[in-house]
Amino acid sequence: MLWLRWTPGDGGQRQVVLPGPGATPVRSDGRINKVLTAVRMFLLHAIGDKTVPAWVLEQIYEVGDDRDLPDDVPRGESSTMRYRMRTRHRLQEPETAIDRASDEEIVAMFLACRSARDRLIVLLLARVGLRPGQTAGLHRTDAHLMMNARSLGCDVEGAHVHVVRRQNENNAWSKSKKKWAMPVDFLVVQAFDQYAIERHERVGADGSDFLLVNLFRPPLGAPITTAAIGELCKSLSHRARLGRQITPRMCRHAMASNVVDAGGKLDEVQALLGQKNAGSARPYLHPKASRLREAVERVPSPRALHSGAENSR
């Protein structure tokens, strides 16, 4: 852990650990924890493969059984002894909250776009709430933009896009294992139409089945990458002079927050984001300050309650 914090990873040269007050760590606590996790998983595999002795397990985990727990602690249906392991080497990472992109920032990014494709990407991130991998992994057959798609063998009503986890050639994939249909509104449908015209003018009717492809740099017609979407958000933030960098994740947070501010429920946000657990949607909610003030003002004052009680007498 000391070596990870203070030793540069330029390679080739003999590394010397020189920690000291005022020095800037080479790696953050989060990065160090990720490296340690990879090392532990490697060693666990080696222990299971019997290429590393079993006593190594006690060097990386605090190993104990459930016999030291109180008698009233439930142990499940099985009465057999169960082992518990806790990581020995882990740094305490400060909790960092992800902010949402404001509506004004999203509009500014939209206006800073120089192509119909980029405008569609901004809407897919900030109005549909897709992750970059899900956006770059969309295929043309995933978009059902008619009010009735039964002719395509789809029973979902209204315009929507299907989010499917695939092994794509551009390494874009959906984090969610399940497949779901995401409703889209008329703004997104219009952006699809404008992009379809632009794409046809640049690469023709043939080409990749991927929805979003390279139109302005080679290889033309090749699917865009997840990294390219992040670079686009960074470029648009600078071009729109926002004063901070807006990330795709901040756009996704904005979409979820806007759904709730418009009266949506937590289960609706969960379904729209394609999340398995209801609690997973909570970090995405950033209520507007005006809604928080309205919530406080709805609470009656003690004086009003006292006056009401006096009048009832």
# chains A, B, ... in the order shown; residues from 1 in each chain; ligands from 1
call {"tool": "residues_around", "arguments": {"residues": "Arg100 in chain A", "least_positions_apart": "5", "cutoff": "9 Å", "atoms": "only C-alpha atoms", "output": "PyMOL selection string"}}
result
chain A and resi 246+249-255+257+284-286
call {"tool": "residues_around", "arguments": {"residues": "Ala136 in chain A", "least_positions_apart": "4", "cutoff": "8 Å", "atoms": "only C-alpha atoms", "output": "PyMOL selection string"}}
result
chain A and resi 132+172-173+210-212+223-226+229
call {"tool": "atom_distance", "arguments": {"atom1": "CA of Pro248 in chain A", "atom2": "CA of Val26 in chain A"}}
result
26.5 Å
call {"tool": "atom_distance", "arguments": {"atom1": "CA of Ser301 in chain A", "atom2": "CA of Gly263 in chain A"}}
result
25.4 Å
